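Source file: query.cif. Holds: mmCIF, C-alpha atoms.
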```cif
data_input
#
loop_
_atom_site.label_atom_id
_atom_site.label_comp_id
_atom_site.auth_asym_id
_atom_site.auth_seq_id
_atom_site.Cartn_x
_atom_site.Cartn_y
_atom_site.Cartn_z
CA MET A 250 -137.86 -7.95 -76.52
CA ASP A 251 -141.31 -8.85 -77.89
CA ILE A 252 -142.19 -7.56 -81.35
CA ASP A 253 -145.69 -6.26 -82.05
CA TYR A 254 -146.63 -7.31 -85.58
CA ASN A 255 -150.00 -5.55 -85.35
CA ALA A 256 -148.18 -2.25 -85.82
CA ASN A 257 -147.82 -2.87 -89.57
CA GLU A 258 -151.33 -4.28 -90.13
CA PRO A 259 -153.75 -2.17 -92.26
CA LYS A 260 -156.53 -0.35 -90.46
CA MET A 261 -159.83 -2.23 -90.22
CA GLU A 262 -162.45 -0.86 -92.62
CA LYS A 263 -165.46 -2.95 -91.59
CA ASP A 264 -166.34 -5.26 -88.70
CA TYR A 265 -167.55 -8.71 -89.82
CA SER A 266 -167.63 -10.29 -86.36
CA SER A 267 -171.42 -10.63 -86.37
CA SER A 268 -171.34 -12.34 -89.78
CA VAL A 269 -168.69 -14.75 -88.51
CA LYS A 270 -170.77 -15.62 -85.44
CA GLU A 271 -173.77 -16.34 -87.66
CA LEU A 272 -171.76 -18.44 -90.10
CA LEU A 273 -169.98 -20.71 -87.64
CA PRO A 274 -173.14 -22.63 -86.52
CA GLU A 275 -173.99 -23.28 -90.20
CA VAL A 276 -170.45 -24.60 -90.73
CA GLU A 277 -170.85 -26.87 -87.72
CA GLN A 278 -174.00 -28.41 -89.23
CA LEU A 279 -172.33 -29.00 -92.60
CA VAL A 280 -169.30 -30.61 -90.93
CA ALA A 281 -171.57 -32.82 -88.84
CA GLY A 282 -173.27 -33.93 -92.07
CA GLY A 283 -169.91 -34.77 -93.64
CA GLN A 284 -170.04 -31.88 -96.13
CA LEU A 285 -166.49 -30.61 -95.59
CA ARG A 286 -166.17 -29.02 -99.02
CA ALA A 287 -169.36 -27.05 -98.63
CA ALA A 288 -168.30 -25.89 -95.17
CA LEU A 289 -164.89 -24.75 -96.46
CA GLU A 290 -166.52 -22.90 -99.40
CA LYS A 291 -168.69 -20.89 -97.02
CA LEU A 292 -165.64 -20.08 -94.88
CA HIS A 293 -163.67 -19.06 -98.00
CA SER A 294 -166.43 -16.78 -99.18
CA LEU A 295 -166.59 -14.82 -95.92
CA GLU A 296 -162.80 -14.91 -95.43
CA LYS A 297 -162.33 -13.05 -98.71
CA ARG A 298 -164.50 -10.19 -97.46
CA THR A 299 -162.96 -10.03 -93.96
CA ARG A 300 -159.48 -10.05 -95.44
CA GLY A 301 -160.37 -7.21 -97.80
CA ALA A 302 -161.75 -5.20 -94.89
CA ALA A 303 -158.63 -5.96 -92.77
CA ASP A 304 -160.81 -7.42 -89.99
CA LEU A 305 -158.15 -9.27 -88.03
CA TRP A 306 -160.37 -10.97 -85.46
CA SER A 307 -162.84 -12.27 -88.03
CA THR A 308 -160.15 -13.44 -90.46
CA SER A 309 -158.28 -15.23 -87.67
CA GLN A 310 -161.46 -17.00 -86.54
CA LEU A 311 -162.22 -18.18 -90.06
CA LEU A 312 -158.70 -19.44 -90.77
CA VAL A 313 -158.55 -21.28 -87.45
CA ARG A 314 -161.93 -22.86 -88.16
CA MET A 315 -160.72 -24.04 -91.59
CA VAL A 316 -157.81 -25.77 -89.89
CA GLU A 317 -160.13 -27.34 -87.32
CA VAL A 318 -162.51 -28.64 -89.99
CA CYS A 319 -159.70 -30.45 -91.82
CA GLY A 320 -157.87 -31.56 -88.69
CA GLU A 321 -160.87 -32.98 -86.84
CA ALA A 322 -161.87 -34.92 -89.97
CA SER A 323 -158.26 -36.25 -90.27
CA GLU A 324 -158.06 -34.86 -93.81
CA TRP A 325 -154.33 -34.23 -93.61
CA GLN A 326 -153.71 -33.53 -97.27
CA MET A 327 -156.62 -31.12 -97.35
CA LEU A 328 -155.23 -29.43 -94.22
CA GLU A 329 -151.87 -28.89 -95.88
CA GLN A 330 -153.52 -27.46 -99.00
CA GLU A 331 -155.76 -25.10 -97.03
CA VAL A 332 -152.95 -23.70 -94.92
CA ALA A 333 -150.70 -23.20 -97.94
CA ALA A 334 -153.48 -21.55 -99.97
CA MET A 335 -154.63 -19.20 -97.22
CA ALA A 336 -151.07 -18.08 -96.43
CA LYS A 337 -150.56 -17.08 -100.08
CA LYS A 338 -153.72 -15.00 -100.38
CA HIS A 339 -153.09 -11.40 -101.42
CA GLY A 340 -153.23 -9.02 -98.47
CA GLN A 341 -153.46 -11.78 -95.91
CA LEU A 342 -153.05 -10.46 -92.38
CA LYS A 343 -149.84 -11.51 -90.63
CA GLN A 344 -151.39 -12.21 -87.26
CA ALA A 345 -154.11 -14.27 -88.91
CA ILE A 346 -151.46 -16.43 -90.59
CA ALA A 347 -149.65 -16.83 -87.26
CA LYS A 348 -152.83 -18.03 -85.50
CA MET A 349 -153.62 -20.40 -88.36
CA VAL A 350 -150.14 -21.94 -88.23
CA GLN A 351 -150.27 -22.23 -84.44
CA LYS A 352 -153.58 -24.09 -84.70
CA ALA A 353 -152.23 -26.38 -87.42
CA MET A 354 -149.24 -27.20 -85.20
CA GLU A 355 -151.60 -28.64 -82.61
CA TYR A 356 -152.48 -31.42 -85.05
CA VAL A 357 -148.88 -32.45 -85.76
CA ASP A 358 -148.78 -34.87 -82.84
CA ARG A 359 -152.25 -36.21 -83.71
CA THR A 360 -151.29 -37.57 -87.11
CA PRO A 361 -151.84 -41.33 -87.56
CA ASP A 362 -148.34 -42.25 -88.74
CA GLU A 363 -144.84 -40.86 -89.07
CA GLN A 364 -144.99 -40.23 -92.81
CA THR A 365 -148.12 -38.09 -92.46
CA LYS A 366 -146.50 -36.25 -89.57
CA VAL A 367 -143.38 -35.48 -91.63
CA GLU A 368 -145.45 -34.29 -94.59
CA LEU A 369 -147.48 -31.95 -92.37
CA ILE A 370 -144.36 -30.57 -90.69
CA GLU A 371 -142.64 -29.96 -94.03
CA SER A 372 -145.76 -28.29 -95.41
CA LEU A 373 -145.96 -25.93 -92.43
CA ARG A 374 -142.22 -25.23 -92.64
CA THR A 375 -142.69 -24.24 -96.28
CA VAL A 376 -145.56 -21.89 -95.33
CA THR A 377 -143.51 -20.24 -92.56
CA GLU A 378 -140.28 -19.93 -94.56
CA GLY A 379 -139.08 -16.33 -94.83
CA LYS A 380 -141.93 -14.92 -92.71
CA ILE A 381 -140.65 -13.08 -89.65
CA HIS A 382 -144.06 -13.07 -87.95
CA VAL A 383 -144.04 -16.90 -87.72
CA GLU A 384 -140.29 -17.39 -87.11
CA VAL A 385 -140.84 -18.92 -83.67
CA GLU A 386 -143.37 -21.40 -85.06
CA ARG A 387 -140.93 -22.36 -87.82
CA ALA A 388 -138.19 -22.95 -85.24
CA ARG A 389 -140.47 -25.23 -83.20
CA LEU A 390 -141.54 -27.16 -86.30
CA THR A 391 -137.91 -27.59 -87.29
CA ARG A 392 -137.16 -28.95 -83.83
CA LYS A 393 -139.85 -31.60 -84.32
CA ARG A 394 -138.44 -32.51 -87.73
CA VAL A 395 -134.96 -32.84 -86.26
CA GLU A 396 -136.25 -35.20 -83.56
CA ILE A 397 -137.56 -37.51 -86.29
CA TYR A 398 -134.25 -37.40 -88.15
CA GLU A 399 -132.45 -38.29 -84.92
CA MET A 400 -134.80 -41.18 -84.20
CA HIS A 401 -133.65 -42.75 -87.47
CA GLY A 402 -129.97 -42.09 -86.75
CA GLN A 403 -129.70 -39.37 -89.43
CA ILE A 404 -127.43 -37.12 -87.35
CA LYS A 405 -125.99 -35.19 -90.29
CA GLU A 406 -129.43 -34.31 -91.66
CA ALA A 407 -130.66 -33.39 -88.19
CA CYS A 408 -127.67 -31.13 -87.56
CA ASP A 409 -127.83 -29.43 -90.98
CA THR A 410 -131.59 -28.83 -90.65
CA LEU A 411 -131.26 -27.27 -87.21
CA GLN A 412 -128.41 -25.01 -88.39
CA GLU A 413 -130.83 -23.32 -90.79
CA ILE A 414 -132.52 -21.63 -87.83
CA GLN A 415 -130.64 -18.60 -86.46
CA VAL A 416 -132.62 -18.21 -83.23
CA GLU A 417 -130.19 -15.66 -81.78
CA THR A 418 -131.74 -13.09 -84.16
CA TYR A 419 -135.34 -13.87 -83.10
CA GLY A 420 -136.73 -10.99 -81.08
CA SER A 421 -140.06 -12.69 -80.36
CA MET A 422 -138.62 -15.87 -78.82
CA ASP A 423 -138.24 -16.23 -75.07
CA ARG A 424 -134.59 -16.13 -73.96
CA ARG A 425 -134.79 -19.47 -72.18
CA GLU A 426 -136.23 -21.20 -75.24
CA LYS A 427 -133.63 -19.50 -77.40
CA THR A 428 -130.80 -20.76 -75.17
CA ASP A 429 -132.31 -24.25 -75.14
CA PHE A 430 -132.41 -24.20 -78.95
CA ILE A 431 -128.74 -23.17 -79.23
CA LEU A 432 -127.76 -25.90 -76.76
CA GLU A 433 -129.51 -28.42 -79.00
CA GLN A 434 -127.52 -27.10 -81.98
CA MET A 435 -124.31 -27.57 -79.98
CA ARG A 436 -125.27 -31.12 -78.98
CA LEU A 437 -125.96 -32.15 -82.57
CA CYS A 438 -122.69 -30.60 -83.76
CA LEU A 439 -120.86 -32.72 -81.20
CA ALA A 440 -122.77 -35.81 -82.31
CA LYS A 441 -121.76 -35.00 -85.90
CA HIS A 442 -118.14 -34.37 -84.77
CA ASP A 443 -118.28 -30.86 -86.25
CA TYR A 444 -116.14 -29.29 -83.53
CA VAL A 445 -115.36 -26.06 -85.38
CA ARG A 446 -119.03 -25.15 -85.81
CA MET A 447 -119.76 -26.23 -82.25
CA ALA A 448 -117.15 -23.76 -80.95
CA ILE A 449 -118.66 -20.98 -83.08
CA ILE A 450 -122.21 -21.69 -81.87
CA SER A 451 -121.10 -21.78 -78.22
CA HIS A 452 -120.12 -18.09 -78.45
CA LYS A 453 -123.76 -17.20 -79.15
CA ILE A 454 -124.60 -17.87 -75.49
CA ASN A 455 -123.77 -15.18 -72.94
CA THR A 456 -122.71 -17.08 -69.81
CA LYS A 457 -123.84 -14.15 -67.61
CA TYR A 458 -127.38 -15.37 -68.28
CA PHE A 459 -126.59 -18.47 -66.19
CA ALA A 460 -126.23 -16.32 -63.07
CA ARG A 461 -130.02 -16.55 -62.64
CA GLU A 462 -131.25 -19.33 -60.37
CA GLU A 463 -133.91 -20.56 -62.79
CA THR A 464 -131.29 -21.27 -65.50
CA GLU A 465 -129.22 -23.82 -63.58
CA ASP A 466 -130.40 -26.74 -65.72
CA LEU A 467 -129.36 -24.87 -68.88
CA LYS A 468 -126.04 -23.95 -67.27
CA LEU A 469 -125.23 -27.59 -66.47
CA ARG A 470 -126.13 -28.67 -70.01
CA PHE A 471 -123.96 -25.94 -71.52
CA TYR A 472 -120.87 -26.76 -69.48
CA GLU A 473 -121.34 -30.50 -70.02
CA LEU A 474 -121.18 -29.87 -73.78
CA MET A 475 -118.19 -27.54 -73.40
CA ILE A 476 -116.37 -30.19 -71.34
CA GLN A 477 -116.86 -32.73 -74.14
CA TYR A 478 -115.58 -30.22 -76.71
CA ASP A 479 -112.48 -29.19 -74.75
CA LEU A 480 -111.66 -32.80 -73.90
CA HIS A 481 -111.56 -33.50 -77.63
CA GLU A 482 -109.31 -30.46 -78.13
CA GLU A 483 -107.21 -31.46 -75.06
CA ASN A 484 -107.70 -28.02 -73.49
CA TYR A 485 -107.43 -29.37 -69.96
CA LEU A 486 -107.30 -25.97 -68.27
CA ASP A 487 -110.57 -24.97 -69.96
CA VAL A 488 -112.07 -28.32 -68.91
CA CYS A 489 -111.11 -27.49 -65.32
CA LYS A 490 -112.75 -24.04 -65.63
CA HIS A 491 -115.96 -25.64 -66.89
CA TYR A 492 -115.99 -28.08 -63.98
CA LYS A 493 -115.41 -25.10 -61.67
CA GLN A 494 -118.55 -23.42 -63.00
CA VAL A 495 -120.49 -26.64 -62.42
CA TYR A 496 -118.98 -27.00 -58.93
CA GLU A 497 -120.07 -23.49 -57.97
CA SER A 498 -123.70 -24.14 -58.98
CA ALA A 499 -126.05 -24.11 -55.98
CA GLY A 500 -127.62 -27.45 -56.80
CA ILE A 501 -124.21 -29.14 -56.99
CA LYS A 502 -122.36 -27.56 -54.07
CA GLU A 503 -125.15 -28.33 -51.61
CA ASN A 504 -125.08 -32.05 -52.41
CA ALA A 505 -121.95 -34.00 -51.38
CA ASP A 506 -122.80 -36.84 -53.77
CA LYS A 507 -122.66 -34.37 -56.66
CA TRP A 508 -119.80 -32.02 -55.77
CA ALA A 509 -117.30 -34.75 -54.85
CA PRO A 510 -116.90 -36.21 -58.39
CA VAL A 511 -116.92 -32.70 -59.89
CA LEU A 512 -114.15 -31.50 -57.54
CA HIS A 513 -112.24 -34.74 -58.20
CA ASN A 514 -112.28 -34.05 -61.95
CA MET A 515 -111.39 -30.38 -61.38
CA VAL A 516 -108.20 -31.41 -59.58
CA LEU A 517 -107.18 -34.01 -62.14
CA TYR A 518 -107.68 -31.79 -65.19
CA LEU A 519 -105.99 -28.83 -63.49
CA VAL A 520 -102.93 -30.99 -62.74
CA LEU A 521 -102.98 -32.21 -66.37
CA SER A 522 -102.88 -28.61 -67.65
CA PRO A 523 -99.51 -27.25 -68.84
CA TYR A 524 -97.82 -25.06 -66.25
CA ASP A 525 -98.27 -21.30 -66.49
CA ASN A 526 -99.17 -18.43 -64.17
CA GLU A 527 -102.92 -19.02 -64.46
CA GLN A 528 -102.62 -22.75 -63.82
CA SER A 529 -100.35 -22.16 -60.81
CA ASP A 530 -102.74 -19.54 -59.39
CA MET A 531 -105.76 -21.84 -59.75
CA LEU A 532 -103.83 -24.69 -58.12
CA HIS A 533 -102.97 -22.58 -55.05
CA ARG A 534 -106.56 -21.30 -54.83
CA MET A 535 -107.92 -24.83 -55.00
CA LYS A 536 -105.62 -25.84 -52.16
CA LEU A 537 -107.60 -23.46 -49.90
CA ASP A 538 -110.93 -25.20 -50.61
CA HIS A 539 -112.06 -26.95 -47.42
CA ASN A 540 -113.92 -29.62 -49.39
CA LEU A 541 -110.63 -30.75 -50.89
CA GLU A 542 -109.58 -32.14 -47.50
CA LYS A 543 -112.42 -34.67 -47.80
CA LEU A 544 -110.83 -36.09 -50.97
CA GLU A 545 -107.60 -37.46 -49.53
CA LEU A 546 -105.78 -38.48 -52.71
CA CYS A 547 -106.72 -35.29 -54.56
CA SER A 548 -105.57 -33.21 -51.60
CA GLN A 549 -102.21 -35.02 -51.57
CA LEU A 550 -101.83 -34.54 -55.33
CA VAL A 551 -102.48 -30.77 -55.11
CA LYS A 552 -100.02 -30.54 -52.22
CA SER A 553 -97.37 -32.35 -54.27
CA PHE A 554 -97.67 -29.83 -57.11
CA THR A 555 -97.75 -26.76 -54.85
CA THR A 556 -94.73 -27.77 -52.76
CA ALA A 557 -91.20 -27.14 -54.05
CA GLU A 558 -90.14 -30.74 -53.49
CA LEU A 559 -89.33 -33.57 -55.86
CA THR A 560 -92.17 -35.98 -56.61
CA ARG A 561 -90.79 -39.24 -58.01
CA TRP A 562 -92.97 -40.76 -60.73
CA PRO A 563 -92.65 -44.37 -59.48
CA ALA A 564 -93.98 -43.22 -56.10
CA VAL A 565 -96.84 -41.28 -57.76
CA GLU A 566 -97.76 -44.34 -59.82
CA ALA A 567 -97.77 -46.55 -56.72
CA VAL A 568 -99.85 -44.15 -54.57
CA TYR A 569 -102.37 -42.79 -57.07
CA GLY A 570 -102.43 -45.46 -59.77
CA PRO A 571 -104.75 -48.04 -58.15
CA GLU A 572 -107.60 -45.51 -57.67
CA PHE A 573 -107.04 -43.02 -60.48
CA ARG A 574 -106.71 -45.72 -63.15
CA GLN A 575 -110.27 -46.80 -62.28
CA SER A 576 -111.69 -43.32 -62.94
CA ASP A 577 -112.99 -42.08 -66.30
CA VAL A 578 -110.16 -39.54 -66.54
CA PHE A 579 -107.31 -42.10 -66.44
CA SER A 580 -109.22 -45.25 -67.38
CA ALA A 581 -106.82 -48.03 -68.36
CA GLN A 582 -109.51 -49.40 -70.72
CA THR A 583 -109.55 -46.40 -73.09
CA ASP A 584 -106.96 -44.78 -75.34
CA ASP A 585 -107.82 -41.33 -73.98
CA GLY A 586 -107.34 -42.57 -70.40
CA ASN A 587 -103.90 -44.01 -71.18
CA LYS A 588 -102.97 -40.82 -73.01
CA ARG A 589 -103.91 -38.67 -70.00
CA TRP A 590 -102.00 -40.97 -67.64
CA GLN A 591 -98.92 -40.41 -69.80
CA ALA A 592 -99.64 -36.65 -69.70
CA LEU A 593 -99.74 -36.81 -65.88
CA ARG A 594 -96.29 -38.43 -65.91
CA ASP A 595 -95.03 -35.57 -68.10
CA ARG A 596 -96.48 -32.97 -65.68
CA VAL A 597 -94.76 -34.67 -62.73
CA ILE A 598 -91.43 -34.62 -64.56
CA GLU A 599 -91.90 -30.95 -65.55
CA HIS A 600 -92.66 -30.09 -61.90
CA ASN A 601 -89.48 -31.87 -60.79
CA ILE A 602 -87.41 -29.97 -63.37
CA ARG A 603 -88.76 -26.64 -62.04
CA VAL A 604 -87.86 -27.69 -58.48
CA ILE A 605 -84.33 -28.70 -59.55
CA ALA A 606 -83.87 -25.41 -61.43
CA LYS A 607 -84.88 -23.56 -58.25
CA TYR A 608 -82.28 -25.24 -55.99
CA TYR A 609 -79.43 -26.09 -58.38
CA THR A 610 -77.20 -23.74 -60.32
CA ARG A 611 -75.33 -26.60 -62.04
CA ALA A 612 -75.96 -30.34 -62.19
CA THR A 613 -74.59 -33.22 -64.21
CA LEU A 614 -76.84 -35.10 -66.61
CA GLN A 615 -76.03 -38.29 -64.72
CA ARG A 616 -77.36 -36.77 -61.50
CA LEU A 617 -80.48 -35.48 -63.28
CA THR A 618 -81.23 -38.93 -64.70
CA GLU A 619 -81.20 -40.25 -61.12
CA LEU A 620 -83.44 -37.47 -59.79
CA LEU A 621 -85.95 -37.65 -62.65
CA ASP A 622 -85.89 -41.44 -63.20
CA LEU A 623 -85.33 -40.86 -66.93
CA PRO A 624 -82.72 -41.79 -69.55
CA THR A 625 -80.33 -39.02 -70.64
CA ASP A 626 -82.07 -38.33 -73.97
CA ASP A 627 -85.45 -37.86 -72.25
CA VAL A 628 -83.89 -35.55 -69.65
CA GLU A 629 -82.54 -33.32 -72.42
CA ALA A 630 -85.92 -33.36 -74.20
CA PHE A 631 -87.87 -32.32 -71.09
CA ILE A 632 -85.36 -29.60 -70.18
CA SER A 633 -85.52 -28.25 -73.74
CA LYS A 634 -89.34 -28.12 -73.62
CA ALA A 635 -89.26 -26.27 -70.29
CA VAL A 636 -86.76 -23.75 -71.68
CA VAL A 637 -88.88 -23.18 -74.80
CA ALA A 638 -92.00 -22.73 -72.62
CA GLY A 639 -90.11 -20.12 -70.58
CA THR A 640 -90.64 -21.82 -67.22
CA ILE A 641 -86.90 -22.24 -66.53
CA PHE A 642 -83.51 -21.09 -67.83
CA ALA A 643 -81.00 -23.81 -68.66
CA ARG A 644 -77.94 -24.49 -70.82
CA ILE A 645 -76.72 -27.99 -71.60
CA ASP A 646 -72.99 -28.58 -72.06
CA ARG A 647 -73.03 -31.95 -73.78
CA PRO A 648 -69.24 -32.58 -73.97
CA SER A 649 -68.91 -32.15 -70.20
CA GLY A 650 -72.40 -33.52 -69.45
CA VAL A 651 -73.36 -30.53 -67.27
CA VAL A 652 -76.57 -28.51 -67.19
CA SER A 653 -76.40 -24.93 -65.95
CA PHE A 654 -79.56 -23.40 -64.47
CA ALA A 655 -77.99 -20.07 -63.48
CA LYS A 656 -79.20 -17.28 -65.72
CA PRO A 657 -76.26 -15.06 -66.80
CA ARG A 658 -76.66 -11.41 -65.90
CA GLU A 659 -76.66 -8.68 -68.48
CA GLY A 660 -74.12 -5.85 -68.25
CA GLU A 661 -76.54 -3.44 -66.59
CA GLU A 662 -77.69 -6.06 -64.05
CA GLN A 663 -74.06 -6.93 -63.23
CA LEU A 664 -73.12 -3.28 -62.71
CA ASN A 665 -76.15 -2.79 -60.48
CA ALA A 666 -75.11 -5.84 -58.45
CA TRP A 667 -71.57 -4.53 -58.09
CA ALA A 668 -72.84 -1.07 -57.06
CA SER A 669 -75.10 -2.72 -54.48
CA ASP A 670 -72.18 -4.78 -53.14
CA VAL A 671 -69.95 -1.68 -52.90
CA ASN A 672 -72.71 0.19 -51.03
CA LYS A 673 -73.07 -2.68 -48.58
CA LEU A 674 -69.29 -2.79 -48.07
CA LEU A 675 -69.06 0.97 -47.42
CA SER A 676 -72.00 0.71 -45.02
CA LEU A 677 -70.20 -2.04 -43.09
CA VAL A 678 -66.96 -0.03 -43.01
CA GLU A 679 -68.82 3.03 -41.69
CA LYS A 680 -70.58 0.99 -39.04
CA THR A 681 -67.32 -0.70 -37.99
CA THR A 682 -65.55 2.66 -37.76
CA HIS A 683 -68.35 4.01 -35.60
CA LEU A 684 -68.17 1.00 -33.24
CA ILE A 685 -64.35 1.31 -32.94
CA ALA A 686 -64.62 5.02 -32.11
CA LYS A 687 -67.31 4.24 -29.55
CA GLU A 688 -65.10 1.62 -27.86
CA GLU A 689 -62.15 4.03 -27.73
CA ILE A 690 -64.26 6.72 -26.02
CA VAL A 691 -65.60 4.20 -23.51
CA SER A 692 -62.02 2.99 -22.80
CA LYS A 693 -60.73 6.56 -22.20
CA ILE A 694 -63.56 7.34 -19.79
CA SER A 695 -62.95 4.15 -17.84
CA ARG A 696 -59.22 4.96 -17.46
CA THR A 697 -60.01 8.52 -16.32
CA ILE A 698 -62.30 7.21 -13.59
#
```

How would this structure read if it were set down as structure tokens?
Amino acid sequence: MDIDYNANEPKMEKDYSSSVKELLPEVEQLVAGGQLRAALEKLHSLEKRTRGAADLWSTSQLLVRMVEVCGEASEWQMLEQEVAAMAKKHGQLKQAIAKMVQKAMEYVDRTPDEQTKVELIESLRTVTEGKIHVEVERARLTRKRVEIYEMHGQIKEACDTLQEIQVETYGSMDRREKTDFILEQMRLCLAKHDYVRMAIISHKINTKYFAREETEDLKLRFYELMIQYDLHEENYLDVCKHYKQVYESAGIKENADKWAPVLHNMVLYLVLSPYDNEQSDMLHRMKLDHNLEKLELCSQLVKSFTTAELTRWPAVEAVYGPEFRQSDVFSAQTDDGNKRWQALRDRVIEHNIRVIAKYYTRATLQRLTELLDLPTDDVEAFISKAVVAGTIFARIDRPSGVVSFAKPREGEEQLNAWASDVNKLLSLVEKTTHLIAKEEIVSKISRTI
């Protein structure tokens, strides 16, 4: 929504446009002769009258010309002083200030050195502070200041400075620019390792906005940042969801060179996610993706986790290790890669425990150590975790070394089972009686004939 700041401007009492048009050629001659002070004095004299008469066009022209006089002469200190003085004038028109600041911003990139550039930016930021009619200009100036901080490696200062700007409340800023600004805030928070603030800022973006075709570049930037955040937090299921959003982008799915690594990472992070209903559902849905067949190892891995069969870890390590350990996800050269490889081993063992619980009612610990390729203590630890997570039911009888996977029935369930069994028995008796009577009738008829 664009805000019209002219609505609150006072009504024009007198039109000074003709006076302005007459004065500007005189100012040009004075500037050409090097008489900057004299030119500015003439502009000040007429500006006072146009401001008092609330003549917006004339005041804007005069303020812009003041900026041009100082800027073209490279009088940077004078430019800062003029802008600051004009913005503080009593009754100064808001739109006139906005046009003056916009003109002054054009000279920021024309400054001779970095120090002068920083001084001009800071001066303009001071002028625009607390003024809603130049909030967009202040945000853009702050962005330039942050870039300079970042060039010098001052990440903390850059991040803190950018956090001062709450662009989500700016009604006059374009939505795309606003989203781009928030993404920059997220990036700097990640660079500063301020993950809590990064998570808070990420909620300011409505992901429905990314449904538009023209926002795909912003969408990819957003999910790339979210992937970095959730990798730090080890939220592997969320990482998979972010990769899924990237995978479904038109620019990615139409290019095999782009979708293949994205789908590869989707599979790996989904398998690394702790088992629950959502993870299981996503795994079975992914199995139906035709592109998965083109990634042989990933397809085999998904099949292993969606089939109720034991998957021995030594075999997994032998089949998938050579390729997966070269990828960024399981890189043997990084601590995070080794940590995720260990997590994959845990997921394989947890899958095997669920399969065993499905087919066994009772099993000895010795037999489980053989099936899971684990020592007894680790078997007990993994079974205990699965029970706590609610994925299986199990009871360990340590003295006898037996694990029971059969869930005991409650009284009501047992009575219902008995009633069902009795009903089945009576149904069989009735059917048998009927068949016997039928045979007797058939026998009597045959003897009669």

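Here CA of Ala347 in chain A is placed at a distance of 14.5 Å from CA of Arg300 in chain A.
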
Original post:
Contacts of range 304-315 of chain A at 7 Å or less, counting only C-alpha atoms, minus same-chain residues fewer than 6 places along, as a list of chain:residue names?
Top reply: A:Met261, A:Lys263, A:Asp264, A:Tyr265, A:Ser266, A:Val269, A:Leu289, A:Leu292, A:Glu296, A:Leu342, A:Ala345, A:Lys348, A:Met349, A:Lys352

Original post:
Hey, what's within 6 Å of range 599-607 of chain A if we count all atoms listed in the file and toss same-chain stuff fewer than 3 positions away? As an MDAnalysis selection string, please?
Top reply: chainID A and resid 557 559 596 654

Subject >> Straight-line distance linking CA of Val383 in chain A with CA of Thr464 in chain A, stated in Å to one decimal >> reply: 26.0 Å

Subject >> One-decimal distance in Å that lies between CA of Asn455 in chain A and CA of Lys380 in chain A >> reply: 26.8 Å

Subject >> Non-local contacts of range 445-447 of chain A (10 Å; all atoms listed in the file; under 5 positions in same chain excluded) as an MDAnalysis selection string >> reply: chainID A and resid 412 431:432 434:439 452 474:475 478

Original post:
Care to translate the PyMOL selection byres ((chain A and resi 611-624) around 10) into actual residues of this file, as a PyMOL selection string?
Top reply: chain A and resi 559-563+597-599+601-602+605-606+608-610+625-629+631+643-647+649-655

Let me see the file: selected residues, C-alpha atoms, as a PDB file, in the coordinates of the input.
```
ATOM      1  CA  LEU A 559     -89.330 -33.570 -55.860  1.00  0.00           C
ATOM      2  CA  THR A 560     -92.170 -35.980 -56.610  1.00  0.00           C
ATOM      3  CA  ARG A 561     -90.790 -39.240 -58.010  1.00  0.00           C
ATOM      4  CA  TRP A 562     -92.970 -40.760 -60.730  1.00  0.00           C
ATOM      5  CA  PRO A 563     -92.650 -44.370 -59.480  1.00  0.00           C
ATOM      6  CA  VAL A 597     -94.760 -34.670 -62.730  1.00  0.00           C
ATOM      7  CA  ILE A 598     -91.430 -34.620 -64.560  1.00  0.00           C
ATOM      8  CA  GLU A 599     -91.900 -30.950 -65.550  1.00  0.00           C
ATOM      9  CA  ASN A 601     -89.480 -31.870 -60.790  1.00  0.00           C
ATOM     10  CA  ILE A 602     -87.410 -29.970 -63.370  1.00  0.00           C
ATOM     11  CA  ILE A 605     -84.330 -28.700 -59.550  1.00  0.00           C
ATOM     12  CA  ALA A 606     -83.870 -25.410 -61.430  1.00  0.00           C
ATOM     13  CA  TYR A 608     -82.280 -25.240 -55.990  1.00  0.00           C
ATOM     14  CA  TYR A 609     -79.430 -26.090 -58.380  1.00  0.00           C
ATOM     15  CA  THR A 610     -77.200 -23.740 -60.320  1.00  0.00           C
ATOM     16  CA  THR A 625     -80.330 -39.020 -70.640  1.00  0.00           C
ATOM     17  CA  ASP A 626     -82.070 -38.330 -73.970  1.00  0.00           C
ATOM     18  CA  ASP A 627     -85.450 -37.860 -72.250  1.00  0.00           C
ATOM     19  CA  VAL A 628     -83.890 -35.550 -69.650  1.00  0.00           C
ATOM     20  CA  GLU A 629     -82.540 -33.320 -72.420  1.00  0.00           C
ATOM     21  CA  PHE A 631     -87.870 -32.320 -71.090  1.00  0.00           C
ATOM     22  CA  ALA A 643     -81.000 -23.810 -68.660  1.00  0.00           C
ATOM     23  CA  ARG A 644     -77.940 -24.490 -70.820  1.00  0.00           C
ATOM     24  CA  ILE A 645     -76.720 -27.990 -71.600  1.00  0.00           C
ATOM     25  CA  ASP A 646     -72.990 -28.580 -72.060  1.00  0.00           C
ATOM     26  CA  ARG A 647     -73.030 -31.950 -73.780  1.00  0.00           C
ATOM     27  CA  SER A 649     -68.910 -32.150 -70.200  1.00  0.00           C
ATOM     28  CA  GLY A 650     -72.400 -33.520 -69.450  1.00  0.00           C
ATOM     29  CA  VAL A 651     -73.360 -30.530 -67.270  1.00  0.00           C
ATOM     30  CA  VAL A 652     -76.570 -28.510 -67.190  1.00  0.00           C
ATOM     31  CA  SER A 653     -76.400 -24.930 -65.950  1.00  0.00           C
ATOM     32  CA  PHE A 654     -79.560 -23.400 -64.470  1.00  0.00           C
ATOM     33  CA  ALA A 655     -77.990 -20.070 -63.480  1.00  0.00           C
TER      34      ALA A 655
END
```
